[in-house]
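Structure file query_36.tsv; described as TSV, C-alpha atoms (C1' of nucleotides).
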chain	number	residue	atom	x	y	z
A	1	MET	CA	-3.96	-5.29	36.96
A	2	PRO	CA	-3.58	-1.80	35.70
A	3	PRO	CA	-1.33	0.48	37.59
A	4	ARG	CA	-3.05	3.32	39.31
A	5	ARG	CA	-4.33	5.90	36.95
A	6	GLN	CA	-5.10	9.50	37.36
A	7	ALA	CA	-8.52	10.18	38.70
A	8	PRO	CA	-10.68	10.78	35.65
A	9	SER	CA	-12.34	13.72	37.28
A	10	ARG	CA	-15.71	12.33	36.54
A	11	SER	CA	-18.09	15.17	36.94
A	12	ALA	CA	-19.96	14.20	40.03
A	13	ARG	CA	-23.50	13.29	39.34
A	14	ALA	CA	-25.85	14.32	42.02
A	15	SER	CA	-25.84	11.40	44.39
A	16	THR	CA	-29.02	12.60	45.94
A	17	ASP	CA	-31.21	11.21	43.22
A	18	PRO	CA	-32.71	8.10	44.77
A	19	ARG	CA	-32.50	6.24	41.48
A	20	ASP	CA	-28.77	6.71	41.64
A	21	ASP	CA	-28.52	4.90	44.89
A	22	ALA	CA	-30.51	1.96	43.61
A	23	ALA	CA	-28.48	1.73	40.45
A	24	VAL	CA	-25.22	2.07	42.30
A	25	ALA	CA	-26.24	-0.59	44.76
A	26	LEU	CA	-27.14	-2.93	41.95
A	27	ALA	CA	-23.90	-2.19	40.14
A	28	ASP	CA	-22.09	-2.88	43.35
A	29	ARG	CA	-23.71	-6.21	43.82
A	30	LEU	CA	-23.13	-7.19	40.23
A	31	HIS	CA	-19.51	-6.30	40.66
A	32	SER	CA	-19.26	-8.37	43.77
A	33	ALA	CA	-21.05	-11.30	42.21
A	34	ALA	CA	-18.76	-11.23	39.19
A	35	ILE	CA	-15.63	-11.19	41.32
A	36	HIS	CA	-16.73	-14.11	43.37
A	37	LEU	CA	-18.09	-16.04	40.47
A	38	LEU	CA	-14.73	-15.84	38.76
A	39	ARG	CA	-12.87	-16.75	41.89
A	40	ARG	CA	-15.09	-19.70	42.30
A	41	LEU	CA	-14.42	-20.76	38.76
A	42	ARG	CA	-10.75	-20.23	39.19
A	43	THR	CA	-10.63	-22.54	42.15
A	44	GLU	CA	-12.40	-25.19	40.15
A	45	ASP	CA	-10.68	-24.54	36.96
A	46	ASP	CA	-7.82	-25.49	34.91
A	47	ALA	CA	-8.26	-29.10	34.04
A	48	SER	CA	-7.50	-27.88	30.56
A	49	GLY	CA	-4.31	-26.09	31.46
A	50	LEU	CA	-5.77	-22.90	30.07
A	51	THR	CA	-6.22	-19.79	32.14
A	52	ALA	CA	-9.34	-17.68	31.94
A	53	PRO	CA	-8.02	-15.02	29.56
A	54	ARG	CA	-6.65	-17.64	27.20
A	55	LEU	CA	-9.83	-19.61	27.25
A	56	SER	CA	-11.75	-16.45	26.62
A	57	ALA	CA	-9.56	-15.37	23.73
A	58	LEU	CA	-9.56	-18.82	22.21
A	59	SER	CA	-13.30	-18.88	22.46
A	60	VAL	CA	-13.65	-15.61	20.63
A	61	ILE	CA	-11.25	-16.76	17.96
A	62	ILE	CA	-13.23	-19.90	17.43
A	63	PHE	CA	-16.71	-18.47	17.48
A	64	ARG	CA	-16.06	-15.24	15.67
A	65	GLY	CA	-13.98	-16.71	12.94
A	66	PRO	CA	-10.66	-15.32	11.76
A	67	LEU	CA	-9.96	-12.05	13.51
A	68	THR	CA	-7.17	-9.56	13.29
A	69	LEU	CA	-5.25	-8.95	16.47
A	70	GLY	CA	-6.82	-5.54	16.76
A	71	GLU	CA	-10.31	-6.94	16.47
A	72	LEU	CA	-9.49	-9.55	19.04
A	73	ALA	CA	-8.11	-6.94	21.40
A	74	ALA	CA	-11.29	-4.94	21.02
A	75	ALA	CA	-13.44	-8.00	21.57
A	76	GLU	CA	-11.50	-8.89	24.68
A	77	GLN	CA	-11.36	-5.31	25.83
A	78	VAL	CA	-7.63	-5.30	26.30
A	79	LYS	CA	-4.80	-3.32	24.73
A	80	PRO	CA	-2.81	-4.53	21.74
A	81	PRO	CA	0.29	-5.64	23.64
A	82	THR	CA	-1.81	-7.81	25.88
A	83	ILE	CA	-3.53	-9.58	23.02
A	84	SER	CA	-0.28	-9.85	21.16
A	85	ARG	CA	1.26	-11.79	23.95
A	86	LEU	CA	-1.79	-13.92	24.57
A	87	VAL	CA	-1.87	-14.95	20.95
A	88	GLN	CA	1.85	-15.70	20.98
A	89	GLU	CA	1.28	-18.05	23.85
A	90	LEU	CA	-1.72	-19.71	22.30
A	91	GLU	CA	0.32	-20.11	19.16
A	92	ARG	CA	3.24	-21.60	21.01
A	93	GLU	CA	0.87	-24.17	22.43
A	94	GLY	CA	-0.39	-25.00	18.98
A	95	LEU	CA	-3.92	-23.84	19.64
A	96	VAL	CA	-4.08	-21.02	17.11
A	97	ARG	CA	-2.35	-20.07	13.94
A	98	ARG	CA	-1.73	-16.76	12.18
A	99	VAL	CA	-2.43	-16.11	8.57
A	100	GLY	CA	-1.22	-13.02	6.83
A	101	ASP	CA	-3.57	-10.88	4.83
A	102	SER	CA	-2.57	-10.91	1.20
A	103	GLY	CA	-3.91	-7.42	0.61
A	104	ASP	CA	-2.53	-5.66	3.68
A	105	ARG	CA	0.65	-7.08	5.01
A	106	ARG	CA	0.41	-5.28	8.31
A	107	ILE	CA	-2.51	-7.46	9.23
A	108	GLN	CA	-2.38	-10.85	10.80
A	109	ARG	CA	-5.49	-12.91	11.21
A	110	VAL	CA	-5.80	-15.51	13.88
A	111	ILE	CA	-7.61	-18.79	13.54
A	112	ALA	CA	-7.91	-21.77	15.81
A	113	THR	CA	-6.25	-25.07	15.03
A	114	ALA	CA	-8.09	-28.35	15.37
A	115	ALA	CA	-6.28	-28.86	18.66
A	116	GLY	CA	-7.49	-25.47	19.79
A	117	SER	CA	-11.08	-26.21	18.98
A	118	ARG	CA	-10.93	-29.56	20.69
A	119	LEU	CA	-9.28	-28.14	23.76
A	120	LEU	CA	-11.76	-25.32	24.02
A	121	ARG	CA	-14.70	-27.63	24.03
A	122	GLU	CA	-13.24	-29.92	26.61
A	123	GLY	CA	-11.45	-27.35	28.70
A	124	ARG	CA	-14.20	-24.86	28.81
A	125	ARG	CA	-16.76	-27.47	29.62
A	126	ARG	CA	-14.63	-28.69	32.47
A	127	ARG	CA	-13.94	-25.25	33.68
A	128	VAL	CA	-17.56	-24.53	34.22
A	129	ALA	CA	-18.50	-28.05	35.19
A	130	ALA	CA	-18.78	-27.35	38.88
A	131	LEU	CA	-20.77	-24.23	38.29
A	132	ALA	CA	-22.97	-26.09	35.85
A	133	ALA	CA	-23.59	-28.70	38.50
A	134	SER	CA	-24.77	-26.01	40.86
A	135	LEU	CA	-26.95	-24.50	38.18
A	136	ARG	CA	-28.55	-27.83	37.50
A	137	ALA	CA	-29.67	-27.82	41.08
A	138	LEU	CA	-31.64	-24.64	40.53
A	139	GLY	CA	-35.26	-24.62	39.59
A	140	PRO	CA	-36.28	-23.74	36.05
A	141	ALA	CA	-37.47	-20.32	37.12
A	142	ASP	CA	-34.09	-19.45	38.57
A	143	ARG	CA	-32.35	-20.66	35.50
A	144	ARG	CA	-34.54	-18.65	33.24
A	145	SER	CA	-33.88	-15.68	35.42
A	146	LEU	CA	-30.14	-16.13	35.05
A	147	GLU	CA	-30.43	-16.60	31.32
A	148	ASN	CA	-32.35	-13.42	31.11
A	149	ALA	CA	-29.86	-11.55	33.24
A	150	VAL	CA	-26.95	-12.74	31.16
A	151	ALA	CA	-28.63	-11.43	28.05
A	152	ILE	CA	-29.17	-8.06	29.68
A	153	LEU	CA	-25.60	-7.95	30.87
A	154	GLN	CA	-24.28	-8.72	27.46
A	155	ARG	CA	-26.01	-5.68	26.16
A	156	VAL	CA	-25.00	-3.49	29.06
A	157	VAL	CA	-21.37	-4.46	29.02
A	158	ARG	CA	-20.98	-4.10	25.34
A	159	GLU	CA	-22.39	-0.63	25.38
A	160	PRO	CA	-20.05	2.06	24.14
A	161	GLU	CA	-18.31	4.02	26.77
A	162	ARG	CA	-20.02	7.26	27.70
A	163	PRO	CA	-17.58	10.05	28.32
A	164	GLU	CA	-18.27	12.02	31.47
A	165	GLY	CA	-21.08	9.95	32.84
A	166	ALA	CA	-23.52	11.30	30.33
A	167	GLY	CA	-25.62	8.29	31.11
A	168	ARG	CA	-28.44	8.52	28.68
A	169	VAL	CA	-31.22	8.95	31.05
A	170	GLY	CA	-33.83	6.54	29.87
B	1	MET	CA	-3.04	-16.28	37.70
B	2	PRO	CA	-2.55	-19.69	39.16
B	3	PRO	CA	-0.02	-21.95	37.58
B	4	ARG	CA	-1.38	-24.99	35.93
B	5	ARG	CA	-2.70	-27.54	38.32
B	6	GLN	CA	-3.31	-31.20	38.13
B	7	ALA	CA	-6.64	-32.13	36.69
B	8	PRO	CA	-8.99	-32.49	39.63
B	9	SER	CA	-10.41	-35.72	38.29
B	10	ARG	CA	-13.90	-34.53	38.88
B	11	SER	CA	-16.21	-37.45	38.67
B	12	ALA	CA	-17.68	-36.95	35.26
B	13	ARG	CA	-21.40	-36.58	35.21
B	14	ALA	CA	-22.95	-38.09	32.17
B	15	SER	CA	-22.69	-35.40	29.55
B	16	THR	CA	-25.44	-37.00	27.54
B	17	ASP	CA	-28.15	-35.67	29.77
B	18	PRO	CA	-29.66	-32.81	27.80
B	19	ARG	CA	-30.05	-30.75	30.93
B	20	ASP	CA	-26.31	-30.88	31.24
B	21	ASP	CA	-25.87	-29.11	27.99
B	22	ALA	CA	-28.24	-26.36	28.98
B	23	ALA	CA	-26.57	-25.94	32.35
B	24	VAL	CA	-23.11	-25.97	30.84
B	25	ALA	CA	-24.13	-23.42	28.24
B	26	LEU	CA	-25.55	-21.19	30.91
B	27	ALA	CA	-22.47	-21.60	33.06
B	28	ASP	CA	-20.40	-20.73	30.06
B	29	ARG	CA	-22.29	-17.58	29.37
B	30	LEU	CA	-22.21	-16.55	32.99
B	31	HIS	CA	-18.50	-17.05	32.94
B	32	SER	CA	-18.10	-14.96	29.86
B	33	ALA	CA	-20.41	-12.26	31.16
B	34	ALA	CA	-18.46	-12.07	34.42
B	35	ILE	CA	-15.17	-11.72	32.61
B	36	HIS	CA	-16.42	-8.97	30.41
B	37	LEU	CA	-18.25	-7.21	33.17
B	38	LEU	CA	-15.10	-7.01	35.20
B	39	ARG	CA	-13.05	-5.88	32.27
B	40	ARG	CA	-15.55	-3.17	31.64
B	41	LEU	CA	-15.37	-2.10	35.25
B	42	ARG	CA	-11.65	-2.19	35.20
B	43	THR	CA	-11.53	0.20	32.33
B	44	GLU	CA	-13.75	2.59	34.22
B	45	ASP	CA	-12.27	2.05	37.51
B	46	ASP	CA	-9.69	3.30	39.81
B	47	ALA	CA	-10.61	6.84	40.62
B	48	SER	CA	-10.00	5.68	44.15
B	49	GLY	CA	-6.55	4.30	43.47
B	50	LEU	CA	-7.73	0.93	44.71
B	51	THR	CA	-7.65	-2.17	42.56
B	52	ALA	CA	-10.46	-4.66	42.57
B	53	PRO	CA	-8.96	-7.17	44.99
B	54	ARG	CA	-8.07	-4.44	47.46
B	55	LEU	CA	-11.49	-2.91	47.24
B	56	SER	CA	-12.98	-6.34	47.72
B	57	ALA	CA	-10.83	-7.15	50.73
B	58	LEU	CA	-11.43	-3.77	52.28
B	59	SER	CA	-15.12	-4.24	51.82
B	60	VAL	CA	-15.10	-7.57	53.60
B	61	ILE	CA	-13.05	-6.12	56.42
B	62	ILE	CA	-15.49	-3.31	56.84
B	63	PHE	CA	-18.70	-5.26	56.60
B	64	ARG	CA	-17.68	-8.35	58.47
B	65	GLY	CA	-15.99	-6.59	61.29
B	66	PRO	CA	-12.60	-7.61	62.66
B	67	LEU	CA	-11.36	-10.71	60.89
B	68	THR	CA	-8.24	-12.77	61.23
B	69	LEU	CA	-6.08	-13.01	58.15
B	70	GLY	CA	-7.11	-16.61	57.74
B	71	GLU	CA	-10.77	-15.75	57.85
B	72	LEU	CA	-10.22	-13.00	55.36
B	73	ALA	CA	-8.34	-15.34	53.05
B	74	ALA	CA	-11.21	-17.80	53.23
B	75	ALA	CA	-13.73	-15.07	52.60
B	76	GLU	CA	-11.81	-13.85	49.60
B	77	GLN	CA	-11.09	-17.35	48.43
B	78	VAL	CA	-7.38	-16.81	48.18
B	79	LYS	CA	-4.38	-18.37	49.88
B	80	PRO	CA	-2.72	-16.94	52.97
B	81	PRO	CA	0.26	-15.33	51.24
B	82	THR	CA	-2.02	-13.46	48.93
B	83	ILE	CA	-4.11	-12.02	51.70
B	84	SER	CA	-1.06	-11.32	53.77
B	85	ARG	CA	0.34	-9.12	51.08
B	86	LEU	CA	-2.96	-7.45	50.32
B	87	VAL	CA	-3.38	-6.51	53.95
B	88	GLN	CA	0.18	-5.22	54.13
B	89	GLU	CA	-0.57	-2.93	51.27
B	90	LEU	CA	-3.86	-1.75	52.66
B	91	GLU	CA	-2.09	-1.12	55.93
B	92	ARG	CA	0.68	0.80	54.25
B	93	GLU	CA	-1.95	3.03	52.72
B	94	GLY	CA	-3.51	3.61	56.10
B	95	LEU	CA	-6.80	1.96	55.24
B	96	VAL	CA	-6.69	-0.89	57.71
B	97	ARG	CA	-5.03	-1.66	60.98
B	98	ARG	CA	-4.02	-4.87	62.70
B	99	VAL	CA	-4.82	-5.69	66.26
B	100	GLY	CA	-3.21	-8.58	68.02
B	101	ASP	CA	-5.29	-11.11	69.87
B	102	SER	CA	-4.48	-11.01	73.55
B	103	GLY	CA	-5.27	-14.69	74.02
B	104	ASP	CA	-3.49	-16.14	71.01
B	105	ARG	CA	-0.51	-14.21	69.86
B	106	ARG	CA	-0.32	-15.96	66.53
B	107	ILE	CA	-3.48	-14.24	65.50
B	108	GLN	CA	-3.83	-10.82	63.98
B	109	ARG	CA	-7.17	-9.26	63.42
B	110	VAL	CA	-7.73	-6.67	60.77
B	111	ILE	CA	-10.03	-3.69	61.05
B	112	ALA	CA	-10.66	-0.75	58.79
B	113	THR	CA	-9.57	2.74	59.69
B	114	ALA	CA	-11.84	5.72	59.25
B	115	ALA	CA	-9.91	6.56	56.09
B	116	GLY	CA	-10.54	3.04	54.83
B	117	SER	CA	-14.26	3.26	55.40
B	118	ARG	CA	-14.46	6.59	53.75
B	119	LEU	CA	-12.43	5.52	50.79
B	120	LEU	CA	-14.45	2.39	50.33
B	121	ARG	CA	-17.66	4.28	50.09
B	122	GLU	CA	-16.35	6.82	47.65
B	123	GLY	CA	-14.07	4.58	45.67
B	124	ARG	CA	-16.51	1.82	45.25
B	125	ARG	CA	-19.24	4.16	44.23
B	126	ARG	CA	-16.99	5.63	41.62
B	127	ARG	CA	-15.80	2.32	40.45
B	128	VAL	CA	-19.25	1.23	39.56
B	129	ALA	CA	-20.47	4.65	38.51
B	130	ALA	CA	-20.24	3.97	34.81
B	131	LEU	CA	-21.95	0.66	35.17
B	132	ALA	CA	-24.59	2.26	37.33
B	133	ALA	CA	-25.15	4.82	34.63
B	134	SER	CA	-25.80	2.05	32.16
B	135	LEU	CA	-28.08	0.30	34.58
B	136	ARG	CA	-30.09	3.45	35.08
B	137	ALA	CA	-30.79	3.36	31.39
B	138	LEU	CA	-32.45	-0.02	31.73
B	139	GLY	CA	-36.12	-0.42	32.26
B	140	PRO	CA	-37.43	-1.43	35.66
B	141	ALA	CA	-38.14	-4.96	34.48
B	142	ASP	CA	-34.55	-5.47	33.40
B	143	ARG	CA	-33.30	-4.10	36.63
B	144	ARG	CA	-35.51	-6.35	38.65
B	145	SER	CA	-34.29	-9.20	36.56
B	146	LEU	CA	-30.68	-8.37	37.33
B	147	GLU	CA	-31.45	-7.98	41.01
B	148	ASN	CA	-33.02	-11.34	41.02
B	149	ALA	CA	-30.13	-12.92	39.19
B	150	VAL	CA	-27.60	-11.46	41.57
B	151	ALA	CA	-29.47	-12.95	44.48
B	152	ILE	CA	-29.46	-16.34	42.81
B	153	LEU	CA	-25.79	-16.06	42.02
B	154	GLN	CA	-24.93	-15.16	45.55
B	155	ARG	CA	-26.47	-18.41	46.66
B	156	VAL	CA	-24.94	-20.45	43.89
B	157	VAL	CA	-21.45	-19.12	44.28
B	158	ARG	CA	-21.41	-19.49	47.98
B	159	GLU	CA	-23.00	-22.85	48.24
B	160	PRO	CA	-20.61	-25.58	47.17
B	161	GLU	CA	-18.06	-27.90	48.67
B	162	ARG	CA	-16.49	-25.51	51.03
B	163	PRO	CA	-17.28	-25.10	54.69
B	164	GLU	CA	-15.93	-21.61	55.23
B	165	GLY	CA	-18.12	-18.73	54.13
B	166	ALA	CA	-17.27	-17.46	50.71
B	167	GLY	CA	-16.89	-13.79	51.07
B	168	ARG	CA	-19.04	-11.34	49.44
B	169	VAL	CA	-17.62	-8.07	48.63
B	170	GLY	CA	-20.06	-5.69	49.75
C	1	DC	C1'	8.39	10.83	-2.64
C	2	DA	C1'	7.80	12.62	2.35
C	3	DG	C1'	4.95	12.54	6.15
C	4	DT	C1'	1.19	10.60	8.62
C	5	DT	C1'	-1.57	6.99	10.08
C	6	DT	C1'	-2.37	2.19	11.23
C	7	DA	C1'	-1.13	-2.69	12.86
C	8	DG	C1'	1.47	-5.06	15.66
C	9	DT	C1'	5.71	-6.00	18.56
C	10	DT	C1'	9.21	-5.28	22.12
C	11	DA	C1'	10.72	-3.70	26.57
C	12	DG	C1'	9.80	-2.97	30.98
C	13	DC	C1'	6.79	-2.01	34.80
C	14	DC	C1'	3.26	-3.55	38.41
C	15	DA	C1'	-0.50	-6.38	40.69
C	16	DA	C1'	-2.20	-10.60	42.11
C	17	DG	C1'	-2.26	-15.22	42.21
C	18	DC	C1'	0.36	-19.50	43.52
C	19	DT	C1'	3.79	-23.04	46.12
C	20	DA	C1'	7.55	-23.96	49.20
C	21	DA	C1'	9.85	-23.03	53.01
C	22	DC	C1'	10.29	-20.41	56.96
C	23	DT	C1'	9.16	-18.28	62.06
C	24	DA	C1'	6.46	-18.06	66.00
C	25	DT	C1'	3.09	-19.63	68.89
C	26	DT	C1'	-0.07	-22.95	70.88
C	27	DG	C1'	-1.33	-27.12	72.91
C	28	DG	C1'	-0.94	-32.08	73.82
C	29	DG	C1'	1.48	-36.31	75.49
C	30	DC	C1'	4.84	-38.37	77.89
D	1	DG	C1'	8.39	-29.47	82.42
D	2	DC	C1'	9.83	-30.63	77.80
D	3	DC	C1'	9.33	-32.11	73.01
D	4	DC	C1'	6.62	-32.40	68.99
D	5	DA	C1'	2.82	-31.69	66.07
D	6	DA	C1'	-0.49	-28.39	64.50
D	7	DT	C1'	-1.81	-23.65	63.44
D	8	DA	C1'	-1.22	-18.61	61.92
D	9	DG	C1'	1.30	-15.72	59.21
D	10	DT	C1'	5.33	-14.23	56.57
D	11	DT	C1'	9.04	-14.36	53.14
D	12	DA	C1'	11.00	-15.66	48.76
D	13	DG	C1'	10.44	-16.54	44.28
D	14	DC	C1'	7.74	-17.81	40.23
D	15	DT	C1'	3.97	-17.06	36.66
D	16	DT	C1'	0.34	-14.62	34.33
D	17	DG	C1'	-1.92	-10.75	32.68
D	18	DG	C1'	-2.68	-6.07	32.65
D	19	DC	C1'	-0.58	-1.49	31.29
D	20	DT	C1'	2.39	2.50	28.80
D	21	DA	C1'	6.11	3.99	25.91
D	22	DA	C1'	8.68	3.41	22.18
D	23	DC	C1'	9.65	0.96	18.27
D	24	DT	C1'	9.17	-1.35	13.16
D	25	DA	C1'	6.70	-2.15	9.06
D	26	DA	C1'	3.29	-1.28	5.91
D	27	DA	C1'	-0.19	1.59	3.76
D	28	DC	C1'	-2.19	5.79	2.66
D	29	DT	C1'	-2.12	10.87	1.20
D	30	DG	C1'	-0.69	15.20	-0.34
Show this structure as structure tokens.
Amino acid sequence: MPPRRQAPSRSARASTDPRDDAAVALADRLHSAAIHLLRRLRTEDDASGLTAPRLSALSVIIFRGPLTLGELAAAEQVKPPTISRLVQELEREGLVRRVGDSGDRRIQRVIATAAGSRLLREGRRRRVAALAASLRALGPADRRSLENAVAILQRVVREPERPEGAGRVG
Amino acid sequence: MPPRRQAPSRSARASTDPRDDAAVALADRLHSAAIHLLRRLRTEDDASGLTAPRLSALSVIIFRGPLTLGELAAAEQVKPPTISRLVQELEREGLVRRVGDSGDRRIQRVIATAAGSRLLREGRRRRVAALAASLRALGPADRRSLENAVAILQRVVREPERPEGAGRVG
DNA sequence: CAGTTTAGTTAGCCAAGCTAACTATTGGGC
DNA sequence: GCCCAATAGTTAGCTTGGCTAACTAAACTG
């Protein structure tokens, strides 16, 4: 967790706009759902011996090909030291490997080993197995709805950060 | 993060069922979306000086009335020492208060102070403000879709193999 | 070639999770 | 009435994963 930061002095948007309340309430519930979803997964997790951030990083490394540490940090939305250590640990476990860039020797690219790929498939599948079981119990409409929501979220989350809540009003 | 645990020897469902693959893929993407959503929030967060777990615990305390530490731990899906420390910290910041049970002196109930309630409202609103701004930019259909998905998730996450109510944050 | 910028690492801090082992209380059985 | 097991929380100590600050090394630029 990050240590407390200075209040960013976000210029207060008028909270009297009724659309604000609806959006805030939705954001709130998404937040809550995400927290509890992850806790649920955590309690089920770990047959693979990989924690969530490692699994996540390994997944990105595998599916997005060789990445520099900086790119990986950006993809994972963490700072360089964090990704540096994560990769060191993945490397120590033999799941990824670094390859230097011949052109620019500052750069290190990370790729998954065969063991890493294997472990991701198995571990990640196990990690979400219990959740998947619950999802199987849902009707097709609910599942489509979740699929749809995930797609929306992917867009929303990836969105560049707006300084000072200049939330592009639609 | 939890230390590695023994594999839970979950009785393997046949992974050859095609529905399994779809459910696992969806679970996977939900997992990923939750991780990135929370990371996004974390980067925006903290105008209140409260971290996510504290905000979450405070929220449960406020909305579910006086709770024993054990109940709170169950609601937050964490172990007793974790909740014990969280409450100590919330107490130190003057956001909650303990009241002893007159009948059973082992028990301590936790309630929010006025400062806690106030801070929750403000802090939580700020925490999700950036996300809310993004959500406001979505069309009504997308927002309805997310609303719907959150409702489904709340059921799914709460449902399984655990008697005690899984807490929701807000 | 000097200075700046960029990529990553090292050091050191803090939060949040865990288990193990403890205290204190309750309640039951003899 | 006591002893003993069960229950509620706490304390101690570990691990992981975030962060910032300060560093090294390499590459660019004037």
How close does each residue of chain A get to chain D, giving the shortest atom pair and distance in Å to one decimal for every residue with an atom at most 12 Å away, counting all atoms listed in the file, sorted by chain and residue number, as CSV?
residue,atom,partner,partner_atom,distance
A:Met1,CA,D:DG18,C1',4.6
A:Pro2,CA,D:DG18,C1',5.3
A:Pro3,CA,D:DC19,C1',6.6
A:Arg4,CA,D:DC19,C1',9.7
A:Arg5,CA,D:DC19,C1',10.0
A:Leu50,CA,D:DT16,C1',11.1
A:Thr51,CA,D:DT16,C1',8.6
A:Ala52,CA,D:DG17,C1',10.2
A:Pro53,CA,D:DG17,C1',8.1
A:Arg54,CA,D:DG17,C1',10.0
A:Gln77,CA,D:DG18,C1',11.1
A:Val78,CA,D:DG18,C1',8.1
A:Lys79,CA,D:DC19,C1',8.0
A:Pro80,CA,D:DC19,C1',10.3
A:Pro81,CA,D:DC19,C1',8.7
A:Thr82,CA,D:DG18,C1',7.0
A:Ile83,CA,D:DG17,C1',9.9
A:Ser84,CA,D:DG17,C1',11.7
A:Arg85,CA,D:DG17,C1',9.3
A:Leu86,CA,D:DG17,C1',8.7
A:Glu89,CA,D:DT16,C1',11.1
A:Asp101,CA,D:DA26,C1',11.8
A:Gly103,CA,D:DA27,C1',10.2
A:Asp104,CA,D:DA26,C1',7.6
A:Arg105,CA,D:DA26,C1',6.4
A:Arg106,CA,D:DA26,C1',5.5
A:Ile107,CA,D:DA26,C1',9.1
List the residues sitting within 12 Å of (-12.6, -15.6, 14.5) in the file's frame, using only C-alpha atoms (C1' of nucleotides), as a PDB file with C-alpha atoms, keeping the file's coordinate frame.
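Below is the file that was written, point_28.pdb:
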ATOM      1  CA  ALA A  57      -9.560 -15.370  23.730  1.00  0.00           C
ATOM      2  CA  LEU A  58      -9.560 -18.820  22.210  1.00  0.00           C
ATOM      3  CA  SER A  59     -13.300 -18.880  22.460  1.00  0.00           C
ATOM      4  CA  VAL A  60     -13.650 -15.610  20.630  1.00  0.00           C
ATOM      5  CA  ILE A  61     -11.250 -16.760  17.960  1.00  0.00           C
ATOM      6  CA  ILE A  62     -13.230 -19.900  17.430  1.00  0.00           C
ATOM      7  CA  PHE A  63     -16.710 -18.470  17.480  1.00  0.00           C
ATOM      8  CA  ARG A  64     -16.060 -15.240  15.670  1.00  0.00           C
ATOM      9  CA  GLY A  65     -13.980 -16.710  12.940  1.00  0.00           C
ATOM     10  CA  PRO A  66     -10.660 -15.320  11.760  1.00  0.00           C
ATOM     11  CA  LEU A  67      -9.960 -12.050  13.510  1.00  0.00           C
ATOM     12  CA  THR A  68      -7.170  -9.560  13.290  1.00  0.00           C
ATOM     13  CA  LEU A  69      -5.250  -8.950  16.470  1.00  0.00           C
ATOM     14  CA  GLY A  70      -6.820  -5.540  16.760  1.00  0.00           C
ATOM     15  CA  GLU A  71     -10.310  -6.940  16.470  1.00  0.00           C
ATOM     16  CA  LEU A  72      -9.490  -9.550  19.040  1.00  0.00           C
ATOM     17  CA  ALA A  73      -8.110  -6.940  21.400  1.00  0.00           C
ATOM     18  CA  ALA A  75     -13.440  -8.000  21.570  1.00  0.00           C
ATOM     19  CA  VAL A  96      -4.080 -21.020  17.110  1.00  0.00           C
ATOM     20  CA  ARG A  97      -2.350 -20.070  13.940  1.00  0.00           C
ATOM     21  CA  ARG A  98      -1.730 -16.760  12.180  1.00  0.00           C
ATOM     22  CA  VAL A  99      -2.430 -16.110   8.570  1.00  0.00           C
ATOM     23  CA  GLN A 108      -2.380 -10.850  10.800  1.00  0.00           C
ATOM     24  CA  ARG A 109      -5.490 -12.910  11.210  1.00  0.00           C
ATOM     25  CA  VAL A 110      -5.800 -15.510  13.880  1.00  0.00           C
ATOM     26  CA  ILE A 111      -7.610 -18.790  13.540  1.00  0.00           C
ATOM     27  CA  ALA A 112      -7.910 -21.770  15.810  1.00  0.00           C
ATOM     28  CA  THR A 113      -6.250 -25.070  15.030  1.00  0.00           C
ATOM     29  CA  SER A 117     -11.080 -26.210  18.980  1.00  0.00           C
TER      30      SER A 117
END
For this session: Work out how far apart CA of Val150 in chain A and CA of Ala33 in chain B are and give it in Å to one decimal.
Result: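 These atoms are spaced 6.6 Å apart.
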Exercise. How far is it from CA of Leu120 in chain A to CA of Ala151 in chain B, in Å with one decimal?
Worked result: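 CA of Leu120 in chain A sits 29.8 Å away from CA of Ala151 in chain B.
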Problem set entry | Selected residue of minimal separation from chain C among A:Leu95, A:Leu30, A:Ala22, A:Gly100, counting all atoms listed in the file |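 Using all atoms listed in the file, chain C sits closest to A:Gly100.
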Residues of chain C that have any atom at most 9 Å from an atom of chain A: could you tabulate them with the shortest-distance atom pair and the distance in Å to one decimal, using all atoms listed in the file, ordered by chain and increasing number, as JSON lines?
{"residue": "C:DT6", "atom": "C1'", "partner": "A:Arg106", "partner_atom": "CA", "distance": 8.5}
{"residue": "C:DA7", "atom": "C1'", "partner": "A:Arg106", "partner_atom": "CA", "distance": 5.5}
{"residue": "C:DG8", "atom": "C1'", "partner": "A:Arg106", "partner_atom": "CA", "distance": 7.4}
{"residue": "C:DT9", "atom": "C1'", "partner": "A:Pro81", "partner_atom": "CA", "distance": 7.4}
{"residue": "C:DC13", "atom": "C1'", "partner": "A:Pro3", "partner_atom": "CA", "distance": 8.9}
{"residue": "C:DC14", "atom": "C1'", "partner": "A:Pro3", "partner_atom": "CA", "distance": 6.2}
{"residue": "C:DA15", "atom": "C1'", "partner": "A:Met1", "partner_atom": "CA", "distance": 5.2}
{"residue": "C:DA16", "atom": "C1'", "partner": "A:Met1", "partner_atom": "CA", "distance": 7.6}
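Closest approach to chain B among A:Arg92, A:Ala132, A:Ala114, A:Gly139: A:Ala132, based on only C-alpha atoms.
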Exercise. For the atom pair CA of Ser32 in chain A and CA of Ser32 in chain B, what is the interatomic distance in Å to one decimal place?
Worked result: 15.4 Å
Problem set entry | Within 8 Å of file point (-18.9, -4.4, 39.4), counting all atoms listed in the file, expressed as a list in words |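 Residues satisfying the cut-off, written out: Ala27, Asp28, Arg29, Leu30, His31, Ser32, Ala33, Ala34 and Ile35 of chain A; Leu37, Leu38, Leu41, Arg127, Val128 and Leu131 of chain B.
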Exercise. With distances taken over all atoms listed in the file, which of A:Arg136, A:Arg155, A:Arg121, A:Arg144 is nearest to chain B?
Worked result: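 Between A:Arg136, A:Arg155, A:Arg121, A:Arg144, the residue approaching chain B most closely is A:Arg136.
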